[in-house]
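Structure file model.cif; described as mmCIF, N, CA and C atoms.
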```
data_work
#
loop_
_atom_site.label_atom_id
_atom_site.label_comp_id
_atom_site.auth_asym_id
_atom_site.auth_seq_id
_atom_site.Cartn_x
_atom_site.Cartn_y
_atom_site.Cartn_z
N MET A 1 3.20 -18.17 -27.94
CA MET A 1 3.47 -17.05 -27.07
C MET A 1 3.30 -17.43 -25.61
N TYR A 2 2.16 -18.04 -25.24
CA TYR A 2 1.94 -18.41 -23.85
C TYR A 2 2.92 -19.47 -23.39
N ARG A 3 3.19 -20.43 -24.24
CA ARG A 3 4.12 -21.50 -23.85
C ARG A 3 5.51 -20.94 -23.53
N ALA A 4 5.99 -20.01 -24.33
CA ALA A 4 7.30 -19.40 -24.08
C ALA A 4 7.29 -18.68 -22.73
N LEU A 5 6.23 -17.96 -22.44
CA LEU A 5 6.10 -17.26 -21.16
C LEU A 5 6.11 -18.26 -20.00
N LEU A 6 5.38 -19.34 -20.15
CA LEU A 6 5.31 -20.34 -19.09
C LEU A 6 6.64 -21.04 -18.87
N ILE A 7 7.38 -21.27 -19.92
CA ILE A 7 8.70 -21.90 -19.80
C ILE A 7 9.65 -20.97 -19.05
N VAL A 8 9.64 -19.69 -19.38
CA VAL A 8 10.48 -18.71 -18.67
C VAL A 8 10.09 -18.67 -17.20
N ALA A 9 8.79 -18.64 -16.91
CA ALA A 9 8.33 -18.62 -15.53
C ALA A 9 8.76 -19.87 -14.78
N MET A 10 8.66 -21.01 -15.43
CA MET A 10 9.04 -22.28 -14.81
C MET A 10 10.54 -22.29 -14.50
N ARG A 11 11.35 -21.86 -15.43
CA ARG A 11 12.81 -21.85 -15.24
C ARG A 11 13.25 -20.90 -14.14
N ASN A 12 12.44 -19.85 -13.89
CA ASN A 12 12.82 -18.84 -12.92
C ASN A 12 11.96 -18.86 -11.66
N CYS A 13 11.21 -19.95 -11.46
CA CYS A 13 10.38 -20.12 -10.26
C CYS A 13 9.44 -18.93 -10.04
N MET A 14 8.76 -18.53 -11.09
CA MET A 14 7.87 -17.38 -11.03
C MET A 14 6.41 -17.83 -10.98
N CYS A 15 5.57 -16.95 -10.50
CA CYS A 15 4.12 -17.15 -10.57
C CYS A 15 3.62 -16.51 -11.86
N VAL A 16 2.46 -16.95 -12.34
CA VAL A 16 1.95 -16.48 -13.63
C VAL A 16 0.47 -16.10 -13.51
N ILE A 17 0.12 -15.00 -14.14
CA ILE A 17 -1.28 -14.64 -14.36
C ILE A 17 -1.46 -14.57 -15.87
N LEU A 18 -2.33 -15.43 -16.36
CA LEU A 18 -2.63 -15.44 -17.80
C LEU A 18 -4.05 -14.95 -18.01
N GLY A 19 -4.19 -14.05 -18.93
CA GLY A 19 -5.51 -13.56 -19.28
C GLY A 19 -5.54 -13.20 -20.74
N GLY A 20 -6.71 -13.21 -21.27
CA GLY A 20 -6.84 -12.82 -22.66
C GLY A 20 -6.98 -11.32 -22.78
N VAL A 21 -7.33 -10.89 -23.93
CA VAL A 21 -7.61 -9.48 -24.15
C VAL A 21 -9.11 -9.27 -23.97
N GLU A 22 -9.49 -8.07 -23.73
CA GLU A 22 -10.90 -7.76 -23.56
C GLU A 22 -11.56 -7.81 -24.92
N LEU A 23 -12.53 -8.69 -25.07
CA LEU A 23 -13.20 -8.86 -26.36
C LEU A 23 -14.68 -8.51 -26.33
N TRP A 24 -15.25 -8.36 -25.16
CA TRP A 24 -16.69 -8.17 -25.03
C TRP A 24 -17.16 -7.00 -25.89
N ASN A 25 -16.47 -5.86 -25.77
CA ASN A 25 -16.86 -4.67 -26.53
C ASN A 25 -16.64 -4.86 -28.03
N TRP A 26 -15.49 -5.44 -28.39
CA TRP A 26 -15.18 -5.62 -29.80
C TRP A 26 -16.17 -6.58 -30.46
N LEU A 27 -16.51 -7.64 -29.76
CA LEU A 27 -17.47 -8.58 -30.32
C LEU A 27 -18.84 -7.94 -30.48
N ALA A 28 -19.20 -7.06 -29.56
CA ALA A 28 -20.48 -6.34 -29.69
C ALA A 28 -20.45 -5.44 -30.92
N LEU A 29 -19.33 -4.76 -31.12
CA LEU A 29 -19.20 -3.88 -32.29
C LEU A 29 -19.25 -4.68 -33.60
N LEU A 30 -18.83 -5.95 -33.53
CA LEU A 30 -18.88 -6.81 -34.71
C LEU A 30 -20.23 -7.49 -34.88
N GLY A 31 -21.18 -7.14 -34.01
CA GLY A 31 -22.55 -7.65 -34.16
C GLY A 31 -22.86 -8.93 -33.41
N ARG A 32 -21.95 -9.40 -32.56
CA ARG A 32 -22.23 -10.61 -31.79
C ARG A 32 -23.20 -10.28 -30.66
N ASP A 33 -24.20 -11.12 -30.47
CA ASP A 33 -25.12 -10.93 -29.35
C ASP A 33 -24.46 -11.45 -28.08
N ALA A 34 -25.15 -11.31 -26.94
CA ALA A 34 -24.56 -11.71 -25.65
C ALA A 34 -24.19 -13.19 -25.64
N ALA A 35 -25.02 -14.05 -26.21
CA ALA A 35 -24.71 -15.48 -26.24
C ALA A 35 -23.45 -15.76 -27.06
N GLY A 36 -23.29 -15.08 -28.18
CA GLY A 36 -22.10 -15.24 -29.00
C GLY A 36 -20.86 -14.74 -28.30
N ARG A 37 -20.99 -13.63 -27.56
CA ARG A 37 -19.85 -13.10 -26.81
C ARG A 37 -19.45 -14.04 -25.68
N MET A 38 -20.45 -14.61 -24.99
CA MET A 38 -20.16 -15.56 -23.92
C MET A 38 -19.48 -16.81 -24.47
N ASP A 39 -19.94 -17.30 -25.60
CA ASP A 39 -19.33 -18.48 -26.22
C ASP A 39 -17.87 -18.20 -26.56
N TYR A 40 -17.61 -17.08 -27.15
CA TYR A 40 -16.24 -16.73 -27.53
C TYR A 40 -15.36 -16.60 -26.28
N GLN A 41 -15.90 -15.94 -25.26
CA GLN A 41 -15.17 -15.77 -24.01
C GLN A 41 -14.87 -17.14 -23.38
N ASN A 42 -15.85 -18.02 -23.38
CA ASN A 42 -15.65 -19.36 -22.81
C ASN A 42 -14.60 -20.15 -23.57
N ARG A 43 -14.62 -20.05 -24.89
CA ARG A 43 -13.62 -20.77 -25.68
C ARG A 43 -12.22 -20.21 -25.44
N SER A 44 -12.12 -18.90 -25.25
CA SER A 44 -10.82 -18.27 -24.96
C SER A 44 -10.27 -18.75 -23.62
N ILE A 45 -11.13 -18.81 -22.62
CA ILE A 45 -10.71 -19.26 -21.29
C ILE A 45 -10.34 -20.74 -21.33
N ALA A 46 -11.13 -21.55 -22.04
CA ALA A 46 -10.82 -22.98 -22.18
C ALA A 46 -9.47 -23.17 -22.86
N PHE A 47 -9.16 -22.34 -23.84
CA PHE A 47 -7.87 -22.39 -24.52
C PHE A 47 -6.73 -22.14 -23.54
N LEU A 48 -6.87 -21.10 -22.70
CA LEU A 48 -5.83 -20.80 -21.71
C LEU A 48 -5.67 -21.95 -20.73
N MET A 49 -6.78 -22.50 -20.27
CA MET A 49 -6.71 -23.58 -19.29
C MET A 49 -6.10 -24.85 -19.89
N GLU A 50 -6.37 -25.08 -21.16
CA GLU A 50 -5.79 -26.23 -21.85
C GLU A 50 -4.26 -26.12 -21.89
N ILE A 51 -3.77 -24.93 -22.13
CA ILE A 51 -2.33 -24.71 -22.15
C ILE A 51 -1.74 -24.87 -20.74
N LEU A 52 -2.42 -24.32 -19.74
CA LEU A 52 -1.90 -24.31 -18.38
C LEU A 52 -1.79 -25.70 -17.76
N VAL A 53 -2.66 -26.60 -18.14
CA VAL A 53 -2.68 -27.93 -17.55
C VAL A 53 -1.29 -28.58 -17.58
N ARG A 54 -0.57 -28.38 -18.65
CA ARG A 54 0.76 -28.99 -18.80
C ARG A 54 1.79 -28.41 -17.84
N TYR A 55 1.51 -27.26 -17.25
CA TYR A 55 2.51 -26.57 -16.43
C TYR A 55 2.13 -26.51 -14.95
N LEU A 56 0.96 -26.97 -14.58
CA LEU A 56 0.48 -26.84 -13.20
C LEU A 56 1.45 -27.40 -12.17
N GLU A 57 2.01 -28.56 -12.43
CA GLU A 57 2.89 -29.17 -11.44
C GLU A 57 4.28 -28.55 -11.42
N HIS A 58 4.59 -27.71 -12.42
CA HIS A 58 5.92 -27.12 -12.51
C HIS A 58 6.00 -25.67 -12.05
N LEU A 59 4.87 -25.04 -11.83
CA LEU A 59 4.86 -23.64 -11.41
C LEU A 59 4.25 -23.51 -10.02
N ALA A 60 4.78 -22.56 -9.26
CA ALA A 60 4.30 -22.35 -7.90
C ALA A 60 2.83 -21.92 -7.88
N HIS A 61 2.48 -21.04 -8.79
CA HIS A 61 1.10 -20.54 -8.79
C HIS A 61 0.74 -20.01 -10.17
N ILE A 62 -0.43 -20.40 -10.64
CA ILE A 62 -0.94 -19.92 -11.93
C ILE A 62 -2.36 -19.43 -11.72
N LEU A 63 -2.65 -18.24 -12.22
CA LEU A 63 -4.00 -17.69 -12.19
C LEU A 63 -4.47 -17.42 -13.61
N VAL A 64 -5.75 -17.66 -13.83
CA VAL A 64 -6.38 -17.30 -15.11
C VAL A 64 -7.26 -16.09 -14.85
N SER A 65 -7.06 -15.08 -15.66
CA SER A 65 -7.75 -13.81 -15.47
C SER A 65 -8.71 -13.52 -16.61
N GLY A 66 -9.88 -13.04 -16.25
CA GLY A 66 -10.79 -12.46 -17.22
C GLY A 66 -10.52 -10.97 -17.29
N VAL A 67 -10.82 -10.35 -18.40
CA VAL A 67 -10.54 -8.92 -18.56
C VAL A 67 -11.82 -8.20 -18.98
N VAL A 68 -12.11 -7.10 -18.30
CA VAL A 68 -13.22 -6.23 -18.71
C VAL A 68 -12.65 -4.84 -18.97
N ALA A 69 -13.29 -4.13 -19.84
CA ALA A 69 -12.85 -2.78 -20.20
C ALA A 69 -14.08 -1.89 -20.34
N PRO A 70 -13.87 -0.59 -20.44
CA PRO A 70 -15.00 0.33 -20.56
C PRO A 70 -15.86 0.03 -21.79
N GLN A 71 -17.14 0.24 -21.63
CA GLN A 71 -18.06 0.06 -22.75
C GLN A 71 -17.65 1.05 -23.84
N GLY A 72 -17.44 0.54 -25.03
CA GLY A 72 -17.01 1.39 -26.14
C GLY A 72 -15.51 1.50 -26.26
N GLY A 73 -14.76 1.01 -25.27
CA GLY A 73 -13.31 1.06 -25.32
C GLY A 73 -12.74 2.19 -24.49
N ALA A 74 -11.46 2.13 -24.24
CA ALA A 74 -10.80 3.10 -23.37
C ALA A 74 -10.75 4.50 -23.97
N ASP A 75 -10.87 4.61 -25.27
CA ASP A 75 -10.80 5.93 -25.92
C ASP A 75 -12.11 6.70 -25.85
N TRP A 76 -13.16 6.03 -25.46
CA TRP A 76 -14.47 6.67 -25.41
C TRP A 76 -14.70 7.24 -24.03
N ASN A 77 -15.12 8.47 -23.94
CA ASN A 77 -15.39 9.10 -22.65
C ASN A 77 -16.79 8.71 -22.18
N ASN A 78 -16.85 7.90 -21.16
CA ASN A 78 -18.13 7.35 -20.67
C ASN A 78 -18.71 8.13 -19.50
N GLN A 79 -18.45 9.42 -19.42
CA GLN A 79 -18.90 10.19 -18.27
C GLN A 79 -20.43 10.20 -18.12
N ALA A 80 -21.17 10.06 -19.22
CA ALA A 80 -22.63 10.09 -19.14
C ALA A 80 -23.23 8.73 -18.78
N LEU A 81 -22.45 7.69 -18.80
CA LEU A 81 -22.94 6.35 -18.49
C LEU A 81 -23.24 6.24 -16.99
N THR A 82 -24.41 5.74 -16.65
CA THR A 82 -24.79 5.62 -15.25
C THR A 82 -24.24 4.32 -14.65
N GLN A 83 -24.22 4.29 -13.34
CA GLN A 83 -23.79 3.08 -12.64
C GLN A 83 -24.71 1.91 -12.99
N ALA A 84 -26.00 2.17 -13.02
CA ALA A 84 -26.98 1.11 -13.32
C ALA A 84 -26.80 0.58 -14.74
N ALA A 85 -26.55 1.46 -15.71
CA ALA A 85 -26.35 1.02 -17.09
C ALA A 85 -25.08 0.19 -17.21
N ALA A 86 -24.02 0.60 -16.53
CA ALA A 86 -22.76 -0.15 -16.57
C ALA A 86 -22.93 -1.51 -15.91
N GLU A 87 -23.67 -1.55 -14.81
CA GLU A 87 -23.92 -2.83 -14.13
C GLU A 87 -24.73 -3.77 -15.03
N GLN A 88 -25.72 -3.24 -15.71
CA GLN A 88 -26.54 -4.05 -16.60
C GLN A 88 -25.73 -4.57 -17.79
N TYR A 89 -24.90 -3.72 -18.36
CA TYR A 89 -24.08 -4.12 -19.52
C TYR A 89 -23.06 -5.19 -19.14
N ASN A 90 -22.41 -5.01 -17.99
CA ASN A 90 -21.33 -5.91 -17.58
C ASN A 90 -21.80 -7.12 -16.79
N GLY A 91 -23.04 -7.13 -16.35
CA GLY A 91 -23.55 -8.26 -15.56
C GLY A 91 -23.40 -9.61 -16.24
N PRO A 92 -23.87 -9.74 -17.49
CA PRO A 92 -23.72 -11.05 -18.16
C PRO A 92 -22.26 -11.46 -18.33
N GLN A 93 -21.40 -10.52 -18.61
CA GLN A 93 -19.98 -10.82 -18.76
C GLN A 93 -19.38 -11.31 -17.44
N MET A 94 -19.69 -10.62 -16.35
CA MET A 94 -19.17 -11.02 -15.03
C MET A 94 -19.70 -12.38 -14.62
N ALA A 95 -20.99 -12.62 -14.85
CA ALA A 95 -21.56 -13.92 -14.52
C ALA A 95 -20.91 -15.02 -15.34
N ASN A 96 -20.65 -14.74 -16.59
CA ASN A 96 -20.00 -15.72 -17.45
C ASN A 96 -18.58 -16.00 -16.99
N LEU A 97 -17.83 -14.98 -16.63
CA LEU A 97 -16.47 -15.18 -16.13
C LEU A 97 -16.48 -16.00 -14.84
N ALA A 98 -17.45 -15.75 -13.97
CA ALA A 98 -17.55 -16.53 -12.73
C ALA A 98 -17.86 -17.99 -13.03
N SER A 99 -18.78 -18.24 -13.96
CA SER A 99 -19.12 -19.63 -14.29
C SER A 99 -17.98 -20.33 -15.03
N ALA A 100 -17.11 -19.56 -15.67
CA ALA A 100 -15.96 -20.14 -16.35
C ALA A 100 -14.80 -20.41 -15.39
N SER A 101 -14.99 -20.05 -14.13
CA SER A 101 -14.02 -20.33 -13.06
C SER A 101 -12.69 -19.61 -13.24
N VAL A 102 -12.73 -18.36 -13.74
CA VAL A 102 -11.49 -17.59 -13.75
C VAL A 102 -11.12 -17.28 -12.30
N ASP A 103 -9.84 -17.06 -12.07
CA ASP A 103 -9.37 -16.80 -10.72
C ASP A 103 -9.56 -15.34 -10.30
N LEU A 104 -9.54 -14.45 -11.27
CA LEU A 104 -9.73 -13.03 -10.99
C LEU A 104 -10.18 -12.34 -12.26
N VAL A 105 -10.69 -11.13 -12.08
CA VAL A 105 -11.10 -10.30 -13.22
C VAL A 105 -10.32 -8.99 -13.13
N GLN A 106 -9.71 -8.61 -14.24
CA GLN A 106 -9.00 -7.33 -14.32
C GLN A 106 -9.92 -6.32 -14.99
N ALA A 107 -10.11 -5.19 -14.34
CA ALA A 107 -10.90 -4.10 -14.90
C ALA A 107 -9.91 -3.01 -15.30
N LEU A 108 -9.77 -2.78 -16.61
CA LEU A 108 -8.70 -1.93 -17.12
C LEU A 108 -9.22 -0.69 -17.84
N SER A 109 -8.52 0.39 -17.73
CA SER A 109 -8.68 1.59 -18.57
C SER A 109 -10.00 2.33 -18.37
N PHE A 110 -10.58 2.28 -17.20
CA PHE A 110 -11.84 2.99 -16.99
C PHE A 110 -11.59 4.47 -16.76
N THR A 111 -12.36 5.30 -17.46
CA THR A 111 -12.22 6.75 -17.33
C THR A 111 -13.40 7.36 -16.59
N SER A 112 -14.40 6.57 -16.28
CA SER A 112 -15.60 7.05 -15.61
C SER A 112 -15.78 6.33 -14.27
N THR A 113 -15.90 7.10 -13.22
CA THR A 113 -16.13 6.53 -11.90
C THR A 113 -17.44 5.77 -11.87
N ASN A 114 -18.49 6.34 -12.47
CA ASN A 114 -19.80 5.67 -12.49
C ASN A 114 -19.72 4.31 -13.18
N GLU A 115 -18.99 4.25 -14.28
CA GLU A 115 -18.88 2.98 -14.99
C GLU A 115 -18.10 1.97 -14.16
N ALA A 116 -17.02 2.41 -13.54
CA ALA A 116 -16.22 1.49 -12.71
C ALA A 116 -17.05 0.96 -11.55
N ILE A 117 -17.84 1.81 -10.91
CA ILE A 117 -18.71 1.36 -9.81
C ILE A 117 -19.73 0.36 -10.33
N GLY A 118 -20.29 0.62 -11.50
CA GLY A 118 -21.25 -0.32 -12.10
C GLY A 118 -20.64 -1.67 -12.38
N VAL A 119 -19.39 -1.68 -12.82
CA VAL A 119 -18.69 -2.94 -13.08
C VAL A 119 -18.49 -3.71 -11.78
N PHE A 120 -18.08 -3.02 -10.71
CA PHE A 120 -17.90 -3.68 -9.43
C PHE A 120 -19.21 -4.20 -8.87
N ARG A 121 -20.29 -3.47 -9.09
CA ARG A 121 -21.60 -3.97 -8.66
C ARG A 121 -22.00 -5.20 -9.45
N ALA A 122 -21.69 -5.20 -10.75
CA ALA A 122 -21.97 -6.39 -11.56
C ALA A 122 -21.18 -7.59 -11.06
N ALA A 123 -19.94 -7.35 -10.65
CA ALA A 123 -19.10 -8.44 -10.14
C ALA A 123 -19.65 -8.97 -8.82
N ALA A 124 -20.20 -8.09 -8.01
CA ALA A 124 -20.74 -8.51 -6.71
C ALA A 124 -22.10 -9.18 -6.84
N GLY A 125 -22.76 -8.90 -7.99
CA GLY A 125 -24.14 -9.34 -8.21
C GLY A 125 -24.33 -10.79 -8.24
#
```

Any chance you could give the structure as structure tokens?
Amino acid sequence: MYRALLIVAMRNCMCVILGGVELWNWLALLGRDAAGRMDYQNRSIAFLMEILVRYLEHLAHILVSGVVAPQGGADWNNQALTQAAAEQYNGPQMANLASASVDLVQALSFTSTNEAIGVFRAAAG
């Protein structure tokens, strides 16, 4: 899938942002602890970077993106979640994405202002 996308981008002189899907919440629901979630996230990012290496000289610009989503998923109404709780939950994930050298982090599908602010504070932390 990624290779086909990169070939199309290369043929059309396009820039590319590649990112995985948000797994932090799903892995937590499956019983993975923070260390297990970080390991999985790191392996996913390494996989993307391994693919991209072959295309770096052929594309104008390539970015690798980490993805964060609301705690519990986009379908869960997180209005009661505090900024501090969201910052604490997302802090390890943000630190891990920074140490994995992603180019940017996409924060998607947030329905709570407090949670979104907590995520941004975790990113700044």

Counting all atoms listed in the file, which residues in range 71-112 of chain A sit no more than 8 Å from range 37-55 of chain A? For each one, give the nearest pair of atoms and the distance in Å, sorted by chain then residue number, as CSV.
```
residue,atom,partner,partner_atom,distance
A:Pro92,C,A:Met38,CA,7.2
A:Gln93,CA,A:Met38,CA,7.0
A:Asn96,CA,A:Met38,CA,6.5
A:Leu97,N,A:Asn42,N,7.7
A:Ala100,CA,A:Asn42,CA,6.5
A:Val102,CA,A:Ile45,CA,7.8
```

- Using the chain letters and residue numbers of this document, give as a list in words the residues selected by the PyMOL selection byres (((chain A and resi 23 and name CA) around 9) and name CA).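 Applying the expression gives Gly20, Val21, Glu22, Trp24, Asn25, Trp26, Leu27, Ala28, Arg37, Tyr40, Gln41, Val67, Val68 and Ala69 of chain A.
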
Selected residues written out, N, CA and C atoms, as a short mmCIF file (atom, residue, chain, number, x, y, z; two decimals), keeping the file's coordinate frame:
```cif
data_model
loop_
_atom_site.label_atom_id
_atom_site.label_comp_id
_atom_site.auth_asym_id
_atom_site.auth_seq_id
_atom_site.Cartn_x
_atom_site.Cartn_y
_atom_site.Cartn_z
N GLY A 20 -6.71 -13.21 -21.27
CA GLY A 20 -6.84 -12.82 -22.66
C GLY A 20 -6.98 -11.32 -22.78
N VAL A 21 -7.33 -10.89 -23.93
CA VAL A 21 -7.61 -9.48 -24.15
C VAL A 21 -9.11 -9.27 -23.97
N GLU A 22 -9.49 -8.07 -23.73
CA GLU A 22 -10.90 -7.76 -23.56
C GLU A 22 -11.56 -7.81 -24.92
N TRP A 24 -15.25 -8.36 -25.16
CA TRP A 24 -16.69 -8.17 -25.03
C TRP A 24 -17.16 -7.00 -25.89
N ASN A 25 -16.47 -5.86 -25.77
CA ASN A 25 -16.86 -4.67 -26.53
C ASN A 25 -16.64 -4.86 -28.03
N TRP A 26 -15.49 -5.44 -28.39
CA TRP A 26 -15.18 -5.62 -29.80
C TRP A 26 -16.17 -6.58 -30.46
N LEU A 27 -16.51 -7.64 -29.76
CA LEU A 27 -17.47 -8.58 -30.32
C LEU A 27 -18.84 -7.94 -30.48
N ALA A 28 -19.20 -7.06 -29.56
CA ALA A 28 -20.48 -6.34 -29.69
C ALA A 28 -20.45 -5.44 -30.92
N ARG A 37 -20.99 -13.63 -27.56
CA ARG A 37 -19.85 -13.10 -26.81
C ARG A 37 -19.45 -14.04 -25.68
N TYR A 40 -17.61 -17.08 -27.15
CA TYR A 40 -16.24 -16.73 -27.53
C TYR A 40 -15.36 -16.60 -26.28
N GLN A 41 -15.90 -15.94 -25.26
CA GLN A 41 -15.17 -15.77 -24.01
C GLN A 41 -14.87 -17.14 -23.38
N VAL A 67 -10.82 -10.35 -18.40
CA VAL A 67 -10.54 -8.92 -18.56
C VAL A 67 -11.82 -8.20 -18.98
N VAL A 68 -12.11 -7.10 -18.30
CA VAL A 68 -13.22 -6.23 -18.71
C VAL A 68 -12.65 -4.84 -18.97
N ALA A 69 -13.29 -4.13 -19.84
CA ALA A 69 -12.85 -2.78 -20.20
C ALA A 69 -14.08 -1.89 -20.34
#
```

- Message: When DSSP is applied to the backbone of this structure, which of range 27-115 of chain A are assigned alpha helix (DSSP H)? Write them out as a VMD selection string.
- Response: chain A and resid 27 to 29 34 to 53 83 to 99 113 to 115

- Which one of A:Gly125, A:Gly118, A:Gly66, A:Gly72 sits closest to Gly19 in chain A if you count only C-alpha atoms? A:Gly66

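The space between CA of Glu57 in chain A and CA of Leu6 in chain A spans 11.9 Å.
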
- Task: Run DSSP on the backbone of this structure and report the residues of range 16-84 of chain A it assigns to strand (DSSP E or B), as a count of residues only.
- Result: 11

- Which residues come within 12 Å of Pro70 in chain A, counting only C-alpha atoms, excluding same-chain residues fewer than 2 positions away, as an MDAnalysis selection string? chainID A and resid 22:26 67:68 72:79 81 85:87 89:90 106:119

Write the residues of the preceding selection, restricted to N, CA and C atoms, as an mmCIF file, in the coordinates of the input.
```cif
data_model
loop_
_atom_site.group_PDB
_atom_site.id
_atom_site.type_symbol
_atom_site.label_atom_id
_atom_site.label_comp_id
_atom_site.auth_asym_id
_atom_site.auth_seq_id
_atom_site.Cartn_x
_atom_site.Cartn_y
_atom_site.Cartn_z
ATOM 1 N N GLU A 22 -9.490 -8.070 -23.730
ATOM 2 C CA GLU A 22 -10.900 -7.760 -23.560
ATOM 3 C C GLU A 22 -11.560 -7.810 -24.920
ATOM 4 N N LEU A 23 -12.530 -8.690 -25.070
ATOM 5 C CA LEU A 23 -13.200 -8.860 -26.360
ATOM 6 C C LEU A 23 -14.680 -8.510 -26.330
ATOM 7 N N TRP A 24 -15.250 -8.360 -25.160
ATOM 8 C CA TRP A 24 -16.690 -8.170 -25.030
ATOM 9 C C TRP A 24 -17.160 -7.000 -25.890
ATOM 10 N N ASN A 25 -16.470 -5.860 -25.770
ATOM 11 C CA ASN A 25 -16.860 -4.670 -26.530
ATOM 12 C C ASN A 25 -16.640 -4.860 -28.030
ATOM 13 N N TRP A 26 -15.490 -5.440 -28.390
ATOM 14 C CA TRP A 26 -15.180 -5.620 -29.800
ATOM 15 C C TRP A 26 -16.170 -6.580 -30.460
ATOM 16 N N VAL A 67 -10.820 -10.350 -18.400
ATOM 17 C CA VAL A 67 -10.540 -8.920 -18.560
ATOM 18 C C VAL A 67 -11.820 -8.200 -18.980
ATOM 19 N N VAL A 68 -12.110 -7.100 -18.300
ATOM 20 C CA VAL A 68 -13.220 -6.230 -18.710
ATOM 21 C C VAL A 68 -12.650 -4.840 -18.970
ATOM 22 N N GLY A 72 -17.440 0.540 -25.030
ATOM 23 C CA GLY A 72 -17.010 1.390 -26.140
ATOM 24 C C GLY A 72 -15.510 1.500 -26.260
ATOM 25 N N GLY A 73 -14.760 1.010 -25.270
ATOM 26 C CA GLY A 73 -13.310 1.060 -25.320
ATOM 27 C C GLY A 73 -12.740 2.190 -24.490
ATOM 28 N N ALA A 74 -11.460 2.130 -24.240
ATOM 29 C CA ALA A 74 -10.800 3.100 -23.370
ATOM 30 C C ALA A 74 -10.750 4.500 -23.970
ATOM 31 N N ASP A 75 -10.870 4.610 -25.270
ATOM 32 C CA ASP A 75 -10.800 5.930 -25.920
ATOM 33 C C ASP A 75 -12.110 6.700 -25.850
ATOM 34 N N TRP A 76 -13.160 6.030 -25.460
ATOM 35 C CA TRP A 76 -14.470 6.670 -25.410
ATOM 36 C C TRP A 76 -14.700 7.240 -24.030
ATOM 37 N N ASN A 77 -15.120 8.470 -23.940
ATOM 38 C CA ASN A 77 -15.390 9.100 -22.650
ATOM 39 C C ASN A 77 -16.790 8.710 -22.180
ATOM 40 N N ASN A 78 -16.850 7.900 -21.160
ATOM 41 C CA ASN A 78 -18.130 7.350 -20.670
ATOM 42 C C ASN A 78 -18.710 8.130 -19.500
ATOM 43 N N GLN A 79 -18.450 9.420 -19.420
ATOM 44 C CA GLN A 79 -18.900 10.190 -18.270
ATOM 45 C C GLN A 79 -20.430 10.200 -18.120
ATOM 46 N N LEU A 81 -22.450 7.690 -18.800
ATOM 47 C CA LEU A 81 -22.940 6.350 -18.490
ATOM 48 C C LEU A 81 -23.240 6.240 -16.990
ATOM 49 N N ALA A 85 -26.550 1.460 -15.710
ATOM 50 C CA ALA A 85 -26.350 1.020 -17.090
ATOM 51 C C ALA A 85 -25.080 0.190 -17.210
ATOM 52 N N ALA A 86 -24.020 0.600 -16.530
ATOM 53 C CA ALA A 86 -22.760 -0.150 -16.570
ATOM 54 C C ALA A 86 -22.930 -1.510 -15.910
ATOM 55 N N GLU A 87 -23.670 -1.550 -14.810
ATOM 56 C CA GLU A 87 -23.920 -2.830 -14.130
ATOM 57 C C GLU A 87 -24.730 -3.770 -15.030
ATOM 58 N N TYR A 89 -24.900 -3.720 -18.360
ATOM 59 C CA TYR A 89 -24.080 -4.120 -19.520
ATOM 60 C C TYR A 89 -23.060 -5.190 -19.140
ATOM 61 N N ASN A 90 -22.410 -5.010 -17.990
ATOM 62 C CA ASN A 90 -21.330 -5.910 -17.580
ATOM 63 C C ASN A 90 -21.800 -7.120 -16.790
ATOM 64 N N GLN A 106 -9.710 -8.610 -14.240
ATOM 65 C CA GLN A 106 -9.000 -7.330 -14.320
ATOM 66 C C GLN A 106 -9.920 -6.320 -14.990
ATOM 67 N N ALA A 107 -10.110 -5.190 -14.340
ATOM 68 C CA ALA A 107 -10.900 -4.100 -14.900
ATOM 69 C C ALA A 107 -9.910 -3.010 -15.300
ATOM 70 N N LEU A 108 -9.770 -2.780 -16.610
ATOM 71 C CA LEU A 108 -8.700 -1.930 -17.120
ATOM 72 C C LEU A 108 -9.220 -0.690 -17.840
ATOM 73 N N SER A 109 -8.520 0.390 -17.730
ATOM 74 C CA SER A 109 -8.680 1.590 -18.570
ATOM 75 C C SER A 109 -10.000 2.330 -18.370
ATOM 76 N N PHE A 110 -10.580 2.280 -17.200
ATOM 77 C CA PHE A 110 -11.840 2.990 -16.990
ATOM 78 C C PHE A 110 -11.590 4.470 -16.760
ATOM 79 N N THR A 111 -12.360 5.300 -17.460
ATOM 80 C CA THR A 111 -12.220 6.750 -17.330
ATOM 81 C C THR A 111 -13.400 7.360 -16.590
ATOM 82 N N SER A 112 -14.400 6.570 -16.280
ATOM 83 C CA SER A 112 -15.600 7.050 -15.610
ATOM 84 C C SER A 112 -15.780 6.330 -14.270
ATOM 85 N N THR A 113 -15.900 7.100 -13.220
ATOM 86 C CA THR A 113 -16.130 6.530 -11.900
ATOM 87 C C THR A 113 -17.440 5.770 -11.870
ATOM 88 N N ASN A 114 -18.490 6.340 -12.470
ATOM 89 C CA ASN A 114 -19.800 5.670 -12.490
ATOM 90 C C ASN A 114 -19.720 4.310 -13.180
ATOM 91 N N GLU A 115 -18.990 4.250 -14.280
ATOM 92 C CA GLU A 115 -18.880 2.980 -14.990
ATOM 93 C C GLU A 115 -18.100 1.970 -14.160
ATOM 94 N N ALA A 116 -17.020 2.410 -13.540
ATOM 95 C CA ALA A 116 -16.220 1.490 -12.710
ATOM 96 C C ALA A 116 -17.050 0.960 -11.550
ATOM 97 N N ILE A 117 -17.840 1.810 -10.910
ATOM 98 C CA ILE A 117 -18.710 1.360 -9.810
ATOM 99 C C ILE A 117 -19.730 0.360 -10.330
ATOM 100 N N GLY A 118 -20.290 0.620 -11.500
ATOM 101 C CA GLY A 118 -21.250 -0.320 -12.100
ATOM 102 C C GLY A 118 -20.640 -1.670 -12.380
ATOM 103 N N VAL A 119 -19.390 -1.680 -12.820
ATOM 104 C CA VAL A 119 -18.690 -2.940 -13.080
ATOM 105 C C VAL A 119 -18.490 -3.710 -11.780
#
```

- Task: Counting only N, CA and C atoms, figure out which residue out of A:Ala34, A:Ala4, A:Cys15, A:Ala124 gets nearest to Leu63 in chain A.
- Result: A:Cys15

- From the list A:Leu30, A:Ile62, A:Leu56, A:Val8, the nearest residue to Asp103 in chain A using only C-alpha atoms is A:Ile62
